[in-house]
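What follows is the content of data.tsv, which has TSV, N, CA and C atoms:
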chain	number	residue	atom	x	y	z
A	25	MET	N	0.85	-1.17	0.00
A	25	MET	CA	0.00	0.00	0.00
A	25	MET	C	0.89	1.24	0.00
A	26	SER	N	0.55	2.20	-0.85
A	26	SER	CA	1.34	3.42	-0.91
A	26	SER	C	1.07	4.28	0.32
A	27	ILE	N	2.02	5.15	0.64
A	27	ILE	CA	1.87	6.03	1.80
A	27	ILE	C	0.69	6.98	1.61
A	28	GLN	N	0.44	7.40	0.36
A	28	GLN	CA	-0.69	8.30	0.10
A	28	GLN	C	-2.02	7.60	0.39
A	29	LYS	N	-2.15	6.34	0.00
A	29	LYS	CA	-3.36	5.57	0.31
A	29	LYS	C	-3.50	5.38	1.81
A	30	PHE	N	-2.38	5.12	2.49
A	30	PHE	CA	-2.41	4.94	3.94
A	30	PHE	C	-2.93	6.20	4.63
A	31	ILE	N	-2.42	7.36	4.22
A	31	ILE	CA	-2.87	8.62	4.82
A	31	ILE	C	-4.35	8.83	4.53
A	32	SER	N	-4.77	8.61	3.28
A	32	SER	CA	-6.17	8.82	2.91
A	32	SER	C	-7.10	7.90	3.69
A	33	ARG	N	-6.68	6.67	3.92
A	33	ARG	CA	-7.51	5.73	4.68
A	33	ARG	C	-7.67	6.14	6.14
A	34	ASN	N	-6.74	6.91	6.65
A	34	ASN	CA	-6.80	7.33	8.04
A	34	ASN	C	-7.42	8.72	8.22
A	35	LEU	N	-8.13	9.17	7.21
A	35	LEU	CA	-8.88	10.43	7.27
A	35	LEU	C	-10.35	10.08	7.02
A	36	PRO	N	-11.01	9.45	8.01
A	36	PRO	CA	-12.35	8.89	7.78
A	36	PRO	C	-13.51	9.87	7.88
A	37	GLU	N	-13.23	11.09	8.29
A	37	GLU	CA	-14.32	12.04	8.52
A	37	GLU	C	-14.34	13.11	7.43
A	38	LYS	N	-15.41	13.87	7.41
A	38	LYS	CA	-15.57	14.97	6.46
A	38	LYS	C	-15.61	16.29	7.23
A	39	ALA	N	-15.10	17.32	6.60
A	39	ALA	CA	-15.19	18.68	7.14
A	39	ALA	C	-15.46	19.62	5.98
A	40	VAL	N	-16.05	20.75	6.30
A	40	VAL	CA	-16.27	21.80	5.31
A	40	VAL	C	-15.25	22.90	5.60
A	41	TYR	N	-14.57	23.35	4.55
A	41	TYR	CA	-13.49	24.32	4.69
A	41	TYR	C	-13.77	25.57	3.87
A	42	TRP	N	-13.68	26.72	4.53
A	42	TRP	CA	-13.73	28.02	3.86
A	42	TRP	C	-12.30	28.55	3.84
A	43	GLY	N	-11.70	28.63	2.67
A	43	GLY	CA	-10.31	29.04	2.56
A	43	GLY	C	-10.15	30.43	1.97
A	44	ASN	N	-8.90	30.79	1.76
A	44	ASN	CA	-8.50	32.07	1.18
A	44	ASN	C	-9.10	33.26	1.93
A	45	PRO	N	-8.87	33.35	3.24
A	45	PRO	CA	-9.43	34.48	4.00
A	45	PRO	C	-8.80	35.81	3.58
A	46	VAL	N	-9.65	36.78	3.25
A	46	VAL	CA	-9.20	38.10	2.83
A	46	VAL	C	-9.89	39.13	3.72
A	47	ASN	N	-9.10	39.96	4.39
A	47	ASN	CA	-9.67	40.99	5.26
A	47	ASN	C	-10.55	41.91	4.42
A	48	ASN	N	-11.80	42.10	4.88
A	48	ASN	CA	-12.74	42.93	4.11
A	48	ASN	C	-12.73	44.40	4.53
A	49	GLY	N	-11.87	44.76	5.48
A	49	GLY	CA	-11.77	46.15	5.91
A	49	GLY	C	-12.80	46.56	6.95
A	50	PHE	N	-13.67	45.64	7.33
A	50	PHE	CA	-14.70	45.93	8.32
A	50	PHE	C	-14.56	45.06	9.57
A	51	GLY	N	-13.36	44.54	9.80
A	51	GLY	CA	-13.12	43.74	11.00
A	51	GLY	C	-13.41	42.26	10.84
A	52	SER	N	-13.72	41.81	9.64
A	52	SER	CA	-13.93	40.38	9.42
A	52	SER	C	-13.32	39.99	8.07
A	53	TYR	N	-13.57	38.77	7.65
A	53	TYR	CA	-12.93	38.24	6.45
A	53	TYR	C	-13.97	37.73	5.45
A	54	ASN	N	-13.61	37.79	4.19
A	54	ASN	CA	-14.36	37.13	3.13
A	54	ASN	C	-13.60	35.86	2.77
A	55	TYR	N	-14.34	34.82	2.37
A	55	TYR	CA	-13.76	33.51	2.09
A	55	TYR	C	-14.21	33.01	0.72
A	56	ASP	N	-13.46	32.06	0.18
A	56	ASP	CA	-13.90	31.35	-1.00
A	56	ASP	C	-15.13	30.51	-0.64
A	57	SER	N	-15.82	30.02	-1.65
A	57	SER	CA	-16.96	29.13	-1.40
A	57	SER	C	-16.47	27.90	-0.64
A	58	PRO	N	-17.30	27.35	0.24
A	58	PRO	CA	-16.87	26.21	1.04
A	58	PRO	C	-16.68	24.96	0.18
A	59	ILE	N	-15.71	24.13	0.60
A	59	ILE	CA	-15.47	22.84	-0.05
A	59	ILE	C	-15.46	21.76	1.02
A	60	GLU	N	-15.73	20.54	0.62
A	60	GLU	CA	-15.71	19.41	1.54
A	60	GLU	C	-14.36	18.72	1.43
A	61	ILE	N	-13.75	18.42	2.59
A	61	ILE	CA	-12.44	17.76	2.61
A	61	ILE	C	-12.49	16.54	3.52
A	62	ASP	N	-11.57	15.60	3.28
A	62	ASP	CA	-11.39	14.45	4.17
A	62	ASP	C	-10.51	14.87	5.33
A	63	CYS	N	-10.80	14.31	6.51
A	63	CYS	CA	-10.00	14.69	7.67
A	63	CYS	C	-10.11	13.65	8.78
A	64	ARG	N	-9.32	13.87	9.79
A	64	ARG	CA	-9.46	13.19	11.08
A	64	ARG	C	-9.56	14.32	12.09
A	65	TRP	N	-10.68	14.40	12.79
A	65	TRP	CA	-10.99	15.50	13.70
A	65	TRP	C	-10.88	14.99	15.13
A	66	GLU	N	-10.00	15.58	15.90
A	66	GLU	CA	-9.83	15.20	17.31
A	66	GLU	C	-10.17	16.39	18.19
A	67	GLU	N	-11.19	16.22	19.01
A	67	GLU	CA	-11.52	17.28	19.96
A	67	GLU	C	-10.62	17.13	21.17
A	68	MET	N	-9.86	18.16	21.44
A	68	MET	CA	-8.94	18.17	22.59
A	68	MET	C	-8.66	19.61	22.96
A	69	VAL	N	-8.32	19.81	24.20
A	69	VAL	CA	-8.00	21.15	24.68
A	69	VAL	C	-6.51	21.19	24.96
A	70	GLN	N	-5.82	22.14	24.34
A	70	GLN	CA	-4.39	22.31	24.60
A	70	GLN	C	-3.98	23.73	24.25
A	71	TYR	N	-2.95	24.19	24.91
A	71	TYR	CA	-2.44	25.52	24.62
A	71	TYR	C	-1.53	25.46	23.41
A	72	ILE	N	-1.67	26.47	22.54
A	72	ILE	CA	-0.76	26.64	21.41
A	72	ILE	C	-0.28	28.09	21.44
A	73	GLU	N	0.77	28.35	20.71
A	73	GLU	CA	1.34	29.70	20.71
A	73	GLU	C	1.09	30.37	19.37
A	74	GLU	N	0.57	31.60	19.42
A	74	GLU	CA	0.38	32.38	18.20
A	74	GLU	C	1.71	32.98	17.77
A	75	ASP	N	1.73	33.58	16.59
A	75	ASP	CA	2.96	34.19	16.06
A	75	ASP	C	3.54	35.24	17.00
A	76	ASN	N	2.67	35.95	17.71
A	76	ASN	CA	3.14	37.00	18.62
A	76	ASN	C	3.59	36.46	19.97
A	77	GLY	N	3.56	35.14	20.15
A	77	GLY	CA	4.00	34.53	21.39
A	77	GLY	C	2.91	34.34	22.42
A	78	GLU	N	1.71	34.83	22.14
A	78	GLU	CA	0.60	34.70	23.07
A	78	GLU	C	0.08	33.27	23.08
A	79	ALA	N	-0.14	32.73	24.27
A	79	ALA	CA	-0.70	31.38	24.40
A	79	ALA	C	-2.22	31.45	24.30
A	80	ILE	N	-2.79	30.62	23.44
A	80	ILE	CA	-4.24	30.54	23.32
A	80	ILE	C	-4.67	29.09	23.46
A	81	LEU	N	-5.94	28.87	23.74
A	81	LEU	CA	-6.46	27.53	23.96
A	81	LEU	C	-7.06	26.98	22.66
A	82	SER	N	-6.50	25.91	22.16
A	82	SER	CA	-7.03	25.22	20.99
A	82	SER	C	-8.05	24.20	21.46
A	83	ARG	N	-9.15	24.07	20.73
A	83	ARG	CA	-10.23	23.14	21.11
A	83	ARG	C	-10.28	21.89	20.26
A	84	ALA	N	-9.54	21.87	19.15
A	84	ALA	CA	-9.55	20.70	18.27
A	84	ALA	C	-8.29	20.69	17.42
A	85	VAL	N	-7.92	19.48	17.01
A	85	VAL	CA	-6.82	19.27	16.06
A	85	VAL	C	-7.39	18.49	14.89
A	86	VAL	N	-7.09	18.95	13.68
A	86	VAL	CA	-7.60	18.30	12.48
A	86	VAL	C	-6.41	17.91	11.60
A	87	TYR	N	-6.42	16.65	11.15
A	87	TYR	CA	-5.42	16.15	10.20
A	87	TYR	C	-6.11	16.04	8.84
A	88	THR	N	-5.42	16.45	7.79
A	88	THR	CA	-6.01	16.41	6.45
A	88	THR	C	-4.92	16.24	5.40
A	89	ASN	N	-5.33	16.05	4.17
A	89	ASN	CA	-4.36	15.90	3.08
A	89	ASN	C	-4.40	17.08	2.11
A	90	VAL	N	-4.99	18.20	2.54
A	90	VAL	CA	-5.00	19.43	1.73
A	90	VAL	C	-4.42	20.57	2.55
A	91	ASP	N	-3.80	21.53	1.86
A	91	ASP	CA	-3.26	22.70	2.54
A	91	ASP	C	-4.40	23.55	3.09
A	92	LEU	N	-4.22	24.05	4.29
A	92	LEU	CA	-5.17	24.97	4.93
A	92	LEU	C	-4.46	26.30	5.14
A	93	GLN	N	-5.23	27.30	5.51
A	93	GLN	CA	-4.65	28.61	5.77
A	93	GLN	C	-5.09	29.09	7.14
A	94	GLU	N	-4.17	29.77	7.85
A	94	GLU	CA	-4.56	30.39	9.11
A	94	GLU	C	-5.66	31.40	8.83
A	95	LYS	N	-6.62	31.45	9.71
A	95	LYS	CA	-7.84	32.27	9.63
A	95	LYS	C	-8.90	31.65	8.73
A	96	GLY	N	-8.57	30.53	8.06
A	96	GLY	CA	-9.60	29.78	7.34
A	96	GLY	C	-10.55	29.16	8.36
A	97	LEU	N	-11.69	28.67	7.89
A	97	LEU	CA	-12.71	28.12	8.78
A	97	LEU	C	-12.98	26.67	8.46
A	98	LEU	N	-13.28	25.88	9.51
A	98	LEU	CA	-13.63	24.47	9.35
A	98	LEU	C	-14.88	24.15	10.15
A	99	TYR	N	-15.68	23.24	9.59
A	99	TYR	CA	-16.89	22.74	10.24
A	99	TYR	C	-16.86	21.23	10.12
A	100	LYS	N	-17.07	20.52	11.21
A	100	LYS	CA	-17.07	19.05	11.18
A	100	LYS	C	-18.42	18.59	10.63
A	101	GLY	N	-18.40	18.05	9.42
A	101	GLY	CA	-19.62	17.60	8.77
A	101	GLY	C	-19.49	17.75	7.26
A	102	THR	N	-20.61	17.58	6.58
A	102	THR	CA	-20.62	17.63	5.12
A	102	THR	C	-21.30	18.90	4.62
A	103	LEU	N	-21.08	19.20	3.35
A	103	LEU	CA	-21.77	20.33	2.74
A	103	LEU	C	-23.28	20.13	2.78
A	104	LEU	N	-23.72	18.89	2.57
A	104	LEU	CA	-25.14	18.59	2.59
A	104	LEU	C	-25.75	18.92	3.95
A	105	SER	N	-25.04	18.55	5.03
A	105	SER	CA	-25.58	18.84	6.37
A	105	SER	C	-25.67	20.34	6.62
A	106	LEU	N	-24.78	21.12	6.03
A	106	LEU	CA	-24.82	22.57	6.20
A	106	LEU	C	-25.97	23.20	5.44
A	107	MET	N	-26.32	22.63	4.32
A	107	MET	CA	-27.40	23.20	3.51
A	107	MET	C	-28.72	23.19	4.26
A	108	GLU	N	-28.84	22.30	5.24
A	108	GLU	CA	-30.08	22.22	6.02
A	108	GLU	C	-30.14	23.28	7.11
A	109	SER	N	-28.98	23.81	7.53
A	109	SER	CA	-29.00	24.71	8.69
A	109	SER	C	-28.33	26.06	8.49
A	110	GLY	N	-27.55	26.22	7.45
A	110	GLY	CA	-26.77	27.44	7.35
A	110	GLY	C	-26.95	28.24	6.09
A	111	MET	N	-28.15	28.22	5.51
A	111	MET	CA	-28.38	28.96	4.27
A	111	MET	C	-28.82	30.38	4.57
A	112	ASP	N	-28.30	31.33	3.80
A	112	ASP	CA	-28.77	32.71	3.94
A	112	ASP	C	-29.92	32.95	2.96
A	113	SER	N	-30.43	34.16	2.91
A	113	SER	CA	-31.59	34.46	2.07
A	113	SER	C	-31.31	34.31	0.57
A	114	ALA	N	-30.05	34.36	0.18
A	114	ALA	CA	-29.68	34.19	-1.23
A	114	ALA	C	-29.43	32.73	-1.60
A	115	GLY	N	-29.59	31.82	-0.64
A	115	GLY	CA	-29.36	30.41	-0.90
A	115	GLY	C	-27.92	29.99	-0.81
A	116	GLU	N	-27.07	30.83	-0.24
A	116	GLU	CA	-25.65	30.51	-0.04
A	116	GLU	C	-25.43	30.01	1.38
A	117	ILE	N	-24.41	29.18	1.58
A	117	ILE	CA	-24.06	28.74	2.93
A	117	ILE	C	-23.35	29.89	3.64
A	118	ASP	N	-23.91	30.34	4.75
A	118	ASP	CA	-23.37	31.47	5.50
A	118	ASP	C	-22.73	30.96	6.79
A	119	HIS	N	-21.40	31.01	6.87
A	119	HIS	CA	-20.69	30.47	8.04
A	119	HIS	C	-21.07	31.18	9.34
A	120	THR	N	-21.58	32.41	9.27
A	120	THR	CA	-21.95	33.13	10.50
A	120	THR	C	-23.26	32.63	11.08
A	121	LEU	N	-24.03	31.84	10.33
A	121	LEU	CA	-25.30	31.30	10.81
A	121	LEU	C	-25.17	29.89	11.39
A	122	ILE	N	-23.97	29.34	11.35
A	122	ILE	CA	-23.76	27.93	11.70
A	122	ILE	C	-23.04	27.80	13.04
A	123	GLN	N	-23.61	26.99	13.92
A	123	GLN	CA	-22.92	26.68	15.18
A	123	GLN	C	-21.90	25.58	14.91
A	124	GLY	N	-20.76	25.66	15.59
A	124	GLY	CA	-19.75	24.63	15.44
A	124	GLY	C	-18.70	24.92	14.39
A	125	VAL	N	-18.60	26.17	13.95
A	125	VAL	CA	-17.55	26.55	13.00
A	125	VAL	C	-16.30	26.92	13.80
A	126	PHE	N	-15.15	26.45	13.34
A	126	PHE	CA	-13.88	26.70	14.01
A	126	PHE	C	-12.95	27.48	13.09
A	127	GLU	N	-12.07	28.27	13.69
A	127	GLU	CA	-11.06	29.02	12.94
A	127	GLU	C	-9.72	28.31	13.04
A	128	VAL	N	-9.01	28.23	11.92
A	128	VAL	CA	-7.66	27.66	11.90
A	128	VAL	C	-6.71	28.70	12.51
A	129	LYS	N	-6.12	28.36	13.65
A	129	LYS	CA	-5.20	29.28	14.31
A	129	LYS	C	-3.75	29.01	13.94
A	130	ARG	N	-3.38	27.75	13.82
A	130	ARG	CA	-2.03	27.32	13.42
A	130	ARG	C	-2.20	26.11	12.52
A	131	TRP	N	-1.28	25.95	11.60
A	131	TRP	CA	-1.27	24.74	10.79
A	131	TRP	C	0.13	24.51	10.26
A	132	GLY	N	0.38	23.28	9.90
A	132	GLY	CA	1.67	22.93	9.33
A	132	GLY	C	1.55	21.64	8.56
A	133	LYS	N	2.59	21.33	7.80
A	133	LYS	CA	2.58	20.06	7.08
A	133	LYS	C	3.93	19.38	7.22
A	134	THR	N	3.87	18.07	7.29
A	134	THR	CA	5.04	17.25	7.51
A	134	THR	C	5.12	16.21	6.40
A	135	PRO	N	6.30	16.02	5.79
A	135	PRO	CA	6.38	14.98	4.76
A	135	PRO	C	6.19	13.60	5.38
A	136	ALA	N	5.51	12.74	4.63
A	136	ALA	CA	5.34	11.36	5.06
A	136	ALA	C	6.71	10.68	5.07
A	137	LEU	N	6.83	9.63	5.85
A	137	LEU	CA	8.10	8.89	5.91
A	137	LEU	C	8.51	8.42	4.52
A	138	ASN	N	9.75	8.56	4.20
A	138	ASN	CA	10.32	8.13	2.92
A	138	ASN	C	9.65	8.79	1.71
A	139	SER	N	9.16	10.02	1.88
A	139	SER	CA	8.51	10.71	0.76
A	139	SER	C	8.87	12.19	0.79
A	140	THR	N	9.00	12.75	-0.39
A	140	THR	CA	9.20	14.20	-0.50
A	140	THR	C	8.02	14.86	-1.21
A	141	THR	N	7.02	14.05	-1.57
A	141	THR	CA	5.88	14.59	-2.31
A	141	THR	C	4.54	14.41	-1.60
A	142	VAL	N	4.48	13.55	-0.60
A	142	VAL	CA	3.24	13.29	0.13
A	142	VAL	C	3.36	13.91	1.52
A	143	PHE	N	2.36	14.69	1.91
A	143	PHE	CA	2.41	15.40	3.18
A	143	PHE	C	1.16	15.13	4.01
A	144	LEU	N	1.32	15.20	5.31
A	144	LEU	CA	0.20	15.18	6.24
A	144	LEU	C	0.10	16.57	6.84
A	145	ARG	N	-1.10	17.14	6.80
A	145	ARG	CA	-1.32	18.48	7.34
A	145	ARG	C	-2.02	18.39	8.68
A	146	LYS	N	-1.67	19.30	9.59
A	146	LYS	CA	-2.24	19.32	10.93
A	146	LYS	C	-2.61	20.76	11.26
A	147	ALA	N	-3.87	20.96	11.70
A	147	ALA	CA	-4.35	22.30	12.03
A	147	ALA	C	-4.87	22.34	13.46
A	148	TYR	N	-4.59	23.43	14.15
A	148	TYR	CA	-5.11	23.67	15.50
A	148	TYR	C	-6.24	24.68	15.39
A	149	LEU	N	-7.37	24.38	16.01
A	149	LEU	CA	-8.58	25.17	15.84
A	149	LEU	C	-9.08	25.78	17.14
A	150	THR	N	-9.72	26.93	17.01
A	150	THR	CA	-10.47	27.54	18.11
A	150	THR	C	-11.87	27.85	17.59
A	151	PRO	N	-12.86	27.90	18.48
A	151	PRO	CA	-14.21	28.24	18.01
A	151	PRO	C	-14.23	29.59	17.32
A	152	PHE	N	-14.98	29.67	16.23
A	152	PHE	CA	-15.12	30.92	15.48
A	152	PHE	C	-16.17	31.78	16.15
A	153	LEU	N	-15.80	33.00	16.48
A	153	LEU	CA	-16.73	33.91	17.14
A	153	LEU	C	-17.19	34.95	16.14
A	154	THR	N	-18.50	35.05	15.93
A	154	THR	CA	-19.02	36.02	14.97
A	154	THR	C	-19.26	37.36	15.61
Same coordinates, now as structure tokens:
Amino acid sequence: MSIQKFISRNLPEKAVYWGNPVNNGFGSYNYDSPIEIDCRWEEMVQYIEEDNGEAILSRAVVYTNVDLQEKGLLYKGTLLSLMESGMDSAGEIDHTLIQGVFEVKRWGKTPALNSTTVFLRKAYLTPFLT
């Protein structure tokens, strides 16, 4: 079994990811349309350090096979499950209407053993506050 198949097999859950956060000038961010990704979601509480050295409390760690961005958003579940609870008046999924959305505070990627092309990504999350 290839290392890429091994990693993919160990990502049994789904998450919805809003990437490419761009400051909108009004104190919040605009994001690309949400996409569904494979992941392994572990709920745990641990302190992590932000770039400025401040310690913050992470509430979850997510492993995935796609690059994430700090300030991006994640929701544990599928796009279909969000369509039932998080639609705005225009029929778009609105992350501010959904409970359980988390913000990516830190993330990194590590090459798989004996590989320079396959990576495992790990993100530390905090609850997203609207």
Run DSSP on the backbone and give me the residues of segment 28-154 of chain A it puts in strand (DSSP E or B), as JSON, numbers by chain. {"A": [37, 38, 39, 40, 41, 42, 46, 47, 53, 54, 59, 60, 61, 62, 63, 64, 65, 66, 67, 68, 69, 70, 71, 72, 73, 79, 80, 81, 82, 83, 84, 85, 86, 87, 88, 97, 98, 99, 100, 111, 117, 125, 126, 127, 128, 129, 130, 131, 132, 133, 134, 135, 143, 144, 145, 146, 147, 148, 149, 150, 151]}
I'd like the neighbourhood of Asp56 of chain A as a ChimeraX atom specification, where a residue qualifies if any of its atoms comes within 6 Å (using only N, CA and C atoms), though same-chain residues fewer than 2 positions away should be ignored. /A:42-45,54,58
Have a look at atom N of Ile61 of chain A and atom N of Lys95 of chain A and let me know their distance in Å, one decimal.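 A separation of 16.5 Å between them.
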So what do you get for atom N of Asn47 of chain A versus atom C of Asp118 of chain A, distance-wise?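 Those two atoms sit 16.5 Å apart.
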Which residue, A:Ala136, A:Leu98, A:Leu106, A:Val142, has the smallest gap to Gly124 of chain A when you use all atoms listed in the file?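 With all atoms listed in the file as the atom set, the closest residue is A:Leu98.
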